[in-house]
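Just final_35.txt here, compact mmCIF, C-alpha atoms:
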# COMPACT_ATOMS: atom_id res chain seq x y z
CA MET A 12 -13.96 61.11 -4.03
CA SER A 13 -15.10 58.27 -6.23
CA SER A 14 -17.90 57.36 -8.57
CA SER A 15 -19.96 54.22 -8.21
CA THR A 16 -20.91 52.11 -11.20
CA THR A 17 -23.99 49.92 -11.57
CA ALA A 18 -23.16 46.49 -12.96
CA PRO A 19 -24.69 45.67 -16.37
CA ALA A 20 -28.00 43.81 -16.40
CA GLN A 21 -27.90 40.04 -16.44
CA SER A 22 -30.25 37.60 -18.12
CA PRO A 23 -30.35 33.81 -17.65
CA ILE A 24 -28.31 33.54 -20.84
CA ALA A 25 -27.27 36.24 -23.29
CA ASP A 26 -28.86 36.37 -26.75
CA ALA A 27 -25.50 35.42 -28.29
CA ALA A 28 -22.05 34.29 -27.25
CA PRO A 29 -19.93 36.98 -25.57
CA LEU A 30 -17.93 39.38 -27.70
CA SER A 31 -14.15 39.03 -27.92
CA LEU A 32 -11.61 41.84 -27.74
CA CYS A 33 -9.18 39.57 -29.58
CA ALA A 34 -11.55 39.49 -32.57
CA ARG A 35 -11.52 43.28 -32.90
CA GLU A 36 -9.07 45.33 -34.96
CA PRO A 37 -10.75 48.75 -35.17
CA LEU A 38 -9.76 51.51 -37.58
CA VAL A 39 -10.07 55.06 -36.24
CA PRO A 40 -10.27 57.93 -38.79
CA ALA A 41 -8.54 61.22 -38.03
CA ASP A 42 -11.79 63.17 -37.70
CA ARG A 43 -12.87 60.85 -34.88
CA LEU A 44 -9.61 61.59 -33.06
CA VAL A 45 -10.51 65.32 -33.10
CA ALA A 46 -14.18 64.86 -32.23
CA GLU A 47 -13.32 62.62 -29.28
CA MET A 48 -11.02 65.15 -27.62
CA VAL A 49 -13.48 65.66 -24.77
CA PRO A 50 -13.46 64.30 -21.20
CA PRO A 51 -14.07 60.53 -21.26
CA PRO A 52 -17.47 59.12 -20.24
CA ARG A 53 -16.38 58.54 -16.63
CA PHE A 54 -15.85 62.28 -16.32
CA ASP A 55 -18.92 63.49 -18.25
CA SER A 56 -20.70 64.69 -15.14
CA VAL A 57 -17.81 65.72 -12.89
CA ARG A 58 -17.63 69.33 -11.79
CA PHE A 59 -15.69 71.29 -9.20
CA GLU A 60 -18.77 70.94 -6.99
CA THR A 61 -18.58 67.13 -7.14
CA TYR A 62 -14.92 67.01 -6.14
CA ILE A 63 -14.82 66.17 -2.43
CA PRO A 64 -11.57 67.50 -0.94
CA ASP A 65 -9.92 65.49 1.79
CA PRO A 66 -10.28 67.68 4.91
CA ASN A 67 -6.74 66.67 5.89
CA GLN A 68 -5.31 67.97 2.62
CA PRO A 69 -5.88 71.76 2.30
CA SER A 70 -4.09 71.77 -1.07
CA GLN A 71 -7.12 70.02 -2.57
CA THR A 72 -9.48 72.81 -1.53
CA GLU A 73 -6.98 75.37 -2.79
CA ALA A 74 -6.77 73.59 -6.14
CA VAL A 75 -10.52 73.90 -6.63
CA ARG A 76 -10.38 77.62 -5.82
CA VAL A 77 -7.48 78.33 -8.18
CA LEU A 78 -8.86 76.28 -11.06
CA SER A 79 -12.32 77.83 -10.75
CA GLY A 80 -10.75 81.25 -11.08
CA PHE A 81 -8.61 80.09 -14.00
CA ALA A 82 -11.70 78.81 -15.85
CA ALA A 83 -13.60 82.05 -15.23
CA GLY A 84 -10.67 84.01 -16.64
CA LEU A 85 -10.97 82.16 -19.96
CA GLY A 86 -14.38 83.66 -20.72
CA GLY A 87 -15.03 86.06 -23.57
CA ALA A 88 -13.63 85.99 -27.06
CA HIS A 89 -10.60 84.03 -28.19
CA ALA A 90 -7.31 85.69 -27.43
CA THR A 91 -7.13 86.87 -31.05
CA GLY A 92 -10.21 89.00 -30.46
CA SER A 93 -12.86 86.68 -31.90
CA GLY A 94 -13.87 83.07 -31.94
CA LYS A 95 -12.44 82.71 -35.44
CA ARG A 96 -8.78 83.21 -36.18
CA ARG A 97 -8.11 86.31 -38.30
CA TRP A 98 -4.68 85.75 -39.75
CA PHE A 99 -4.46 89.28 -41.18
CA ALA A 100 -5.39 90.95 -37.90
CA LYS A 101 -2.83 92.73 -35.79
CA LYS A 102 -1.38 90.36 -33.19
CA PRO A 103 -2.96 91.16 -29.82
CA ALA A 104 -1.01 91.97 -26.73
CA ALA A 105 0.08 88.89 -24.81
CA PRO A 106 -2.24 88.08 -21.90
CA THR A 107 -0.91 88.90 -18.47
CA GLY A 108 -0.07 86.06 -16.09
CA PRO A 109 0.43 82.36 -16.86
CA ARG A 110 -1.77 80.95 -19.61
CA GLY A 111 -1.34 77.45 -18.29
CA VAL A 112 -1.73 75.47 -15.11
CA TYR A 113 0.04 72.24 -14.17
CA LEU A 114 -1.67 69.88 -11.70
CA ASP A 115 1.06 68.14 -9.72
CA GLY A 116 0.21 65.17 -7.52
CA GLY A 117 0.32 61.42 -7.02
CA TYR A 118 -2.01 58.92 -8.65
CA GLY A 119 -5.55 58.78 -7.30
CA VAL A 120 -5.74 62.32 -5.81
CA GLY A 121 -8.30 63.39 -8.40
CA LYS A 122 -6.14 65.25 -10.94
CA THR A 123 -8.17 63.98 -13.90
CA HIS A 124 -11.42 64.89 -12.09
CA LEU A 125 -10.11 68.42 -11.62
CA LEU A 126 -8.79 68.66 -15.18
CA ALA A 127 -12.17 67.55 -16.57
CA SER A 128 -13.95 69.98 -14.23
CA LEU A 129 -11.80 72.78 -15.64
CA TRP A 130 -12.85 71.77 -19.17
CA HIS A 131 -16.53 71.76 -18.18
CA ALA A 132 -16.28 75.07 -16.29
CA THR A 133 -14.53 77.00 -19.05
CA PRO A 134 -17.17 79.24 -20.68
CA ALA A 135 -16.74 78.16 -24.30
CA ALA A 136 -18.51 75.85 -26.74
CA PRO A 137 -17.27 72.21 -26.67
CA GLU A 138 -15.68 72.59 -30.09
CA GLN A 139 -13.51 75.39 -28.68
CA LYS A 140 -12.10 73.15 -25.94
CA ALA A 141 -9.99 69.99 -26.25
CA PHE A 142 -9.25 67.30 -23.68
CA GLY A 143 -7.04 64.28 -24.18
CA THR A 144 -4.14 62.25 -22.93
CA PHE A 145 -0.61 62.89 -24.12
CA VAL A 146 -0.81 59.71 -26.22
CA GLU A 147 -4.02 60.89 -27.86
CA LEU A 148 -2.39 64.23 -28.66
CA THR A 149 0.64 62.62 -30.30
CA ASN A 150 -1.70 60.34 -32.26
CA LEU A 151 -3.55 63.42 -33.49
CA VAL A 152 -0.28 64.95 -34.73
CA GLY A 153 0.49 61.68 -36.49
CA ALA A 154 -2.92 61.63 -38.16
CA LEU A 155 -3.19 65.29 -39.17
CA GLY A 156 0.43 66.38 -39.41
CA PHE A 157 2.05 69.05 -37.26
CA GLN A 158 0.89 72.16 -39.13
CA GLN A 159 -2.72 70.99 -39.50
CA THR A 160 -2.81 70.13 -35.79
CA VAL A 161 -1.60 73.65 -34.99
CA ARG A 162 -4.31 75.14 -37.20
CA THR A 163 -7.02 72.87 -35.75
CA LEU A 164 -6.19 73.31 -32.08
CA GLY A 165 -5.16 76.96 -32.55
CA GLU A 166 -8.85 77.83 -32.82
CA HIS A 167 -9.46 76.45 -29.33
CA ARG A 168 -9.66 78.41 -26.12
CA LEU A 169 -8.38 75.61 -23.88
CA LEU A 170 -6.33 72.44 -24.31
CA CYS A 171 -6.21 69.96 -21.40
CA ILE A 172 -3.53 67.24 -21.50
CA ASP A 173 -3.80 64.37 -19.05
CA GLU A 174 -0.74 62.23 -18.21
CA PHE A 175 1.92 64.20 -20.09
CA GLU A 176 4.51 61.54 -20.98
CA LEU A 177 7.72 62.85 -19.48
CA ASP A 178 9.35 59.44 -20.05
CA ASP A 179 9.29 59.80 -23.87
CA PRO A 180 11.93 62.43 -24.79
CA GLY A 181 11.13 62.48 -28.53
CA ASP A 182 7.40 62.96 -28.12
CA THR A 183 7.99 65.45 -25.30
CA VAL A 184 9.97 67.69 -27.68
CA LEU A 185 7.27 67.29 -30.35
CA VAL A 186 4.44 68.22 -28.03
CA SER A 187 6.44 71.05 -26.44
CA SER A 188 6.89 72.55 -29.91
CA LEU A 189 3.17 72.16 -30.56
CA LEU A 190 2.25 73.82 -27.27
CA GLY A 191 4.57 76.72 -28.08
CA LYS A 192 2.65 77.36 -31.30
CA LEU A 193 -0.68 77.08 -29.48
CA VAL A 194 0.38 79.52 -26.76
CA ASP A 195 1.32 81.99 -29.51
CA ALA A 196 -2.20 81.52 -30.92
CA GLY A 197 -3.73 82.40 -27.54
CA VAL A 198 -4.73 78.90 -26.40
CA ALA A 199 -4.76 78.33 -22.64
CA LEU A 200 -3.19 75.11 -21.40
CA ALA A 201 -3.70 72.71 -18.49
CA ALA A 202 -1.77 69.51 -17.87
CA THR A 203 -0.95 66.65 -15.54
CA SER A 204 2.06 64.35 -15.99
CA ASN A 205 3.70 61.12 -14.98
CA THR A 206 7.09 60.75 -13.27
CA LEU A 207 10.39 60.57 -15.14
CA PRO A 208 12.31 57.27 -14.94
CA GLY A 209 15.11 57.47 -12.40
CA LYS A 210 13.40 60.24 -10.42
CA LEU A 211 11.75 58.11 -7.77
CA GLY A 212 13.81 59.69 -5.00
CA GLU A 213 11.93 62.94 -5.56
CA GLY A 214 8.69 61.38 -4.38
CA ARG A 215 5.34 61.40 -6.13
CA PHE A 216 5.59 64.92 -7.49
CA ALA A 217 6.94 65.85 -10.91
CA SER A 218 6.65 69.63 -11.15
CA ALA A 219 10.39 70.30 -11.54
CA ASP A 220 10.67 67.54 -14.16
CA PHE A 221 7.65 68.82 -16.09
CA LEU A 222 8.79 72.44 -16.18
CA ARG A 223 12.29 71.43 -17.27
CA GLU A 224 11.15 69.00 -19.98
CA ILE A 225 8.81 71.47 -21.66
CA GLN A 226 11.81 73.78 -21.98
CA GLY A 227 10.85 77.34 -22.99
CA LEU A 228 7.20 76.88 -22.01
CA SER A 229 7.74 76.75 -18.26
CA ALA A 230 6.94 80.44 -17.80
CA HIS A 231 3.46 79.80 -19.16
CA PHE A 232 2.54 77.29 -16.43
CA ARG A 233 1.59 77.80 -12.81
CA PRO A 234 2.34 74.60 -10.85
CA LEU A 235 -0.50 73.57 -8.55
CA ARG A 236 0.44 70.82 -6.10
CA ILE A 237 -2.31 68.47 -4.92
CA ASP A 238 -1.45 66.31 -1.91
CA GLY A 239 -3.42 63.28 -0.82
CA ASP A 240 -3.92 59.53 -0.80
CA ASP A 241 -5.30 57.41 -3.64
CA TYR A 242 -9.04 58.10 -3.32
CA ARG A 243 -9.96 54.88 -5.13
CA HIS A 244 -8.94 52.99 -1.99
CA ARG A 245 -9.75 55.65 0.61
CA GLY A 246 -12.37 54.15 2.91
CA LEU A 247 -13.36 51.44 0.42
CA PRO A 248 -13.44 47.67 1.02
CA GLU A 249 -10.66 45.41 -0.25
CA ALA A 250 -10.86 44.45 -3.89
CA PRO A 251 -12.78 41.18 -4.46
CA ALA A 252 -10.67 38.06 -4.90
CA PRO A 253 -10.54 36.64 -8.43
CA PHE A 254 -13.30 34.25 -9.41
CA SER A 255 -12.98 30.84 -11.05
CA ASP A 256 -12.81 30.42 -14.84
CA GLU A 257 -16.26 28.82 -14.70
CA GLN A 258 -17.78 31.74 -12.79
CA VAL A 259 -16.28 34.31 -15.17
CA THR A 260 -17.40 32.39 -18.26
CA LYS A 261 -20.91 31.90 -16.89
CA ALA A 262 -21.20 35.62 -16.06
CA ALA A 263 -19.98 36.58 -19.54
CA TYR A 264 -22.69 34.46 -21.16
CA ALA A 265 -25.32 35.85 -18.79
CA THR A 266 -24.42 39.53 -19.27
CA GLN A 267 -25.55 41.53 -22.27
CA GLY A 268 -22.70 43.45 -23.89
CA ALA A 269 -19.94 41.46 -22.19
CA SER A 270 -16.71 40.33 -23.77
CA LEU A 271 -14.84 37.16 -22.83
CA ASP A 272 -11.13 36.63 -23.49
CA ASP A 273 -8.23 34.58 -22.24
CA PHE A 274 -5.84 37.08 -20.63
CA PRO A 275 -2.57 35.83 -22.21
CA HIS A 276 -4.21 35.86 -25.66
CA LEU A 277 -5.50 39.39 -25.07
CA LEU A 278 -1.99 40.59 -24.19
CA GLY A 279 -0.78 39.15 -27.49
CA HIS A 280 -3.59 40.86 -29.38
CA LEU A 281 -2.76 44.25 -27.85
CA ALA A 282 0.64 44.05 -29.53
CA ARG A 283 -1.13 43.98 -32.92
CA VAL A 284 -3.42 46.97 -32.25
CA HIS A 285 -2.02 50.50 -31.96
CA PRO A 286 -2.73 51.98 -28.50
CA SER A 287 -4.54 54.90 -30.17
CA ARG A 288 -7.26 52.37 -31.03
CA TYR A 289 -7.70 50.83 -27.58
CA GLY A 290 -10.65 53.13 -26.91
CA ALA A 291 -12.38 51.94 -30.08
CA LEU A 292 -11.51 48.37 -29.04
CA THR A 293 -13.96 48.77 -26.15
CA ASP A 294 -16.82 50.34 -28.15
CA ASP A 295 -20.29 49.13 -27.09
CA LEU A 296 -18.96 46.96 -24.27
CA ASP A 297 -20.76 46.84 -20.93
CA ALA A 298 -18.35 44.45 -19.18
CA VAL A 299 -14.98 42.81 -19.81
CA CYS A 300 -14.49 39.24 -18.61
CA LEU A 301 -10.97 37.78 -18.46
CA THR A 302 -9.86 34.26 -17.64
CA ASP A 303 -6.43 33.09 -16.49
CA VAL A 304 -4.96 36.43 -15.45
CA GLN A 305 -1.18 35.98 -15.15
CA PRO A 306 1.82 38.21 -14.45
CA VAL A 307 2.66 40.46 -17.39
CA PRO A 308 5.80 39.02 -19.02
CA ASP A 309 7.69 42.16 -20.08
CA GLN A 310 7.66 45.94 -19.91
CA SER A 311 6.39 46.59 -23.46
CA THR A 312 3.37 44.40 -22.76
CA ALA A 313 2.90 46.04 -19.38
CA LEU A 314 2.81 49.54 -20.87
CA ARG A 315 0.20 48.45 -23.43
CA LEU A 316 -1.92 47.01 -20.61
CA VAL A 317 -1.67 50.34 -18.78
CA VAL A 318 -3.23 52.10 -21.79
CA LEU A 319 -6.05 49.55 -21.98
CA ALA A 320 -6.69 49.91 -18.24
CA ASP A 321 -6.96 53.69 -18.69
CA ARG A 322 -9.48 53.33 -21.53
CA LEU A 323 -11.58 50.83 -19.55
CA TYR A 324 -11.53 53.08 -16.49
CA ASP A 325 -12.45 56.15 -18.53
CA ARG A 326 -15.46 54.31 -19.90
CA GLU A 327 -16.48 52.77 -16.55
CA ILE A 328 -16.44 49.22 -17.93
CA PRO A 329 -16.43 46.62 -15.12
CA VAL A 330 -13.71 43.96 -15.33
CA LEU A 331 -14.41 40.44 -14.04
CA ALA A 332 -11.41 38.16 -13.86
CA SER A 333 -10.10 34.76 -12.83
CA GLY A 334 -6.49 33.85 -12.09
CA LEU A 335 -4.22 36.15 -10.10
CA PRO A 336 -5.48 39.34 -8.43
CA PHE A 337 -4.60 42.55 -10.23
CA ASP A 338 -2.06 43.62 -7.62
CA GLN A 339 0.12 40.73 -8.82
CA LEU A 340 0.18 41.73 -12.49
CA PHE A 341 3.54 43.47 -12.41
CA SER A 342 6.87 42.16 -11.12
CA GLU A 343 8.75 43.75 -8.24
CA GLU A 344 11.31 44.98 -10.75
CA MET A 345 8.58 46.78 -12.70
CA LEU A 346 7.03 48.26 -9.57
CA ASN A 347 10.41 49.58 -8.47
CA GLY A 348 11.41 50.92 -11.89
CA GLY A 349 10.93 54.14 -13.78
CA TYR A 350 7.36 53.39 -14.86
CA ARG A 351 6.15 52.43 -11.39
CA LYS A 352 3.63 55.30 -11.27
CA LYS A 353 1.91 54.00 -14.40
CA TYR A 354 1.78 50.47 -13.04
CA PHE A 355 0.36 51.53 -9.69
CA ARG A 356 -2.24 53.61 -11.51
CA ALA A 357 -3.22 50.59 -13.61
CA ILE A 358 -3.50 48.39 -10.50
CA SER A 359 -5.61 51.04 -8.78
CA ARG A 360 -7.95 51.44 -11.74
CA LEU A 361 -8.33 47.74 -12.52
CA THR A 362 -9.03 47.08 -8.84
CA ALA A 363 -11.78 49.70 -8.88
CA LEU A 364 -13.27 48.10 -12.02
CA ALA A 365 -13.07 44.63 -10.43
CA ARG A 366 -15.03 46.02 -7.50
CA ASP A 367 -17.65 47.31 -9.94
CA ALA A 368 -17.89 43.85 -11.57
CA LYS A 369 -18.48 41.89 -8.36
CA GLY A 370 -22.26 41.94 -8.84
CA LEU A 371 -22.00 40.06 -12.14
CA VAL A 372 -21.37 36.80 -10.29
CA HIS A 373 -24.23 35.22 -8.37
CA ALA A 374 -23.92 32.22 -6.07
Spit out the file's structure as structure tokens when you get a sec.
Amino acid sequence: MSSSTTAPAQSPIADAAPLSLCAREPLVPADRLVAEMVPPPRFDSVRFETYIPDPNQPSQTEAVRVLSGFAAGLGGAHATGSGKRRWFAKKPAAPTGPRGVYLDGGYGVGKTHLLASLWHATPAAPEQKAFGTFVELTNLVGALGFQQTVRTLGEHRLLCIDEFELDDPGDTVLVSSLLGKLVDAGVALAATSNTLPGKLGEGRFASADFLREIQGLSAHFRPLRIDGDDYRHRGLPEAPAPFSDEQVTKAAYATQGASLDDFPHLLGHLARVHPSRYGALTDDLDAVCLTDVQPVPDQSTALRLVVLADRLYDREIPVLASGLPFDQLFSEEMLNGGYRKKYFRAISRLTALARDAKGLVHA
């Protein structure tokens, strides 16, 4: 399944010169980090009913059934017996069965769609549910401190973590400790993850790695495998070829809310902005225009670009580019290395956004 995006409106010439991502250095207060722990705009309207299972992949239909039941089971009061934590109350009996579910599958099979659908289907007020990526969760701990994060999220009924970073041992231990405290507080958990470096021989699935890396929490998770192909390219036309610098620049000036940046300069700017602020970097943008797209020079830069690609995709911001096509961003060494799943996800998402941007250029 996929979602279509309408290209931003064009005028003969924009009221002002295009914006520049390189001119932005946003500051993000801690309270915004908490308030924004909801499904990103791309997944505002997704539900289990809008997930279209591949008829050749019965595990996708089964995933919808299991997750629907899991959401329904989270109804009623918080596990402590009320919506508000009562620290002096007698500790309730531990709930029966796993209090967590782990969605295990390759990129592009709809894991984030299903995770967001679980968030929407859980019968609780938005402030009692949290949704974020692993990076956003570690940033929250950094902003609030460990104990305050436990107190804040401990009031929630559900915490959804997308793209659990198995390739960062230090942060994995930190978040595993946090999740242990939240489980004790009665919070239900749901997660997806990436693939550990050096584990490519095990295929696209990471369930064994995930359950091992979260150490003592494995008993709290039910693995749910989701087979399938990358839906962003299933039955869709080939991604449009890059345009010329002149076409991209002209479209940027003709499109309200567009930014225009030289790709190598943008990569340099990303090194000066913490990835926790990449979402804020794209605030109020309706299109991103990039000239002179080139291969990414090193792995640190590549991983930063992956985060930006995720934020652009979450926000459904079309990307119009000149230079090399997006499937040539990463070297063969990168695509065959431990972070290959992240790089293929970035290629897939940027290609989808390039497809959305095609209508910005007129002959």
Q) Can you tell me how far CA of Cys33 in chain A sits from CA of Pro336 in chain A, in Å to one decimal? A) 21.5 Å
Q.
So, with only C-alpha atoms as the atoms that count, which of A:Gln310, A:Ser56, A:Thr362, A:Thr302 lies closest to Ile328 in chain A?
A. A:Thr362
Q) In Å, with one decimal, what is the gap from CA of Phe175 in chain A to CA of Pro40 in chain A? A) 23.2 Å
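From CA of Leu335 in chain A back to CA of Lys261 in chain A, the distance works out to 18.5 Å.
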Q. Of the candidates A:Leu190, A:Leu316, A:Leu85, A:Val45, which shows the shortest atom-to-atom distance to Gly279 in chain A, using all atoms listed in the file?
A. A:Leu316
Q: Compare A:Pro29, A:Val194, A:Ile225, A:Gly121 by their minimum atom-to-atom distance to Ala265 in chain A, counting only C-alpha atoms, and give me the closest one.
A: A:Pro29
Q.
When you count all atoms listed in the file, which of these residues is closest to Ala298 in chain A: A:Ala82, A:Ala219, A:Leu271, A:Ala27?
A. A:Leu271
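Each of A:Glu174, A:Glu166, A:Asp65, A:Asp115 was checked against Gln139 in chain A using all atoms listed in the file; the smallest atom-to-atom distance is that of A:Glu166.
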Q: Quick one: everything within 10 Å of Ala141 in chain A, counting all atoms listed in the file, minus sequence neighbours fewer than 6 positions away in the same chain. Send it as a PyMOL selection string.
A: chain A and resi 45-50+130+148+164+167-172+200
Q.
With distances taken over all atoms listed in the file, which residue among A:Arg356, A:Ala269, A:His280, A:Glu344 lies nearest Ala368 in chain A?
A. A:Ala269
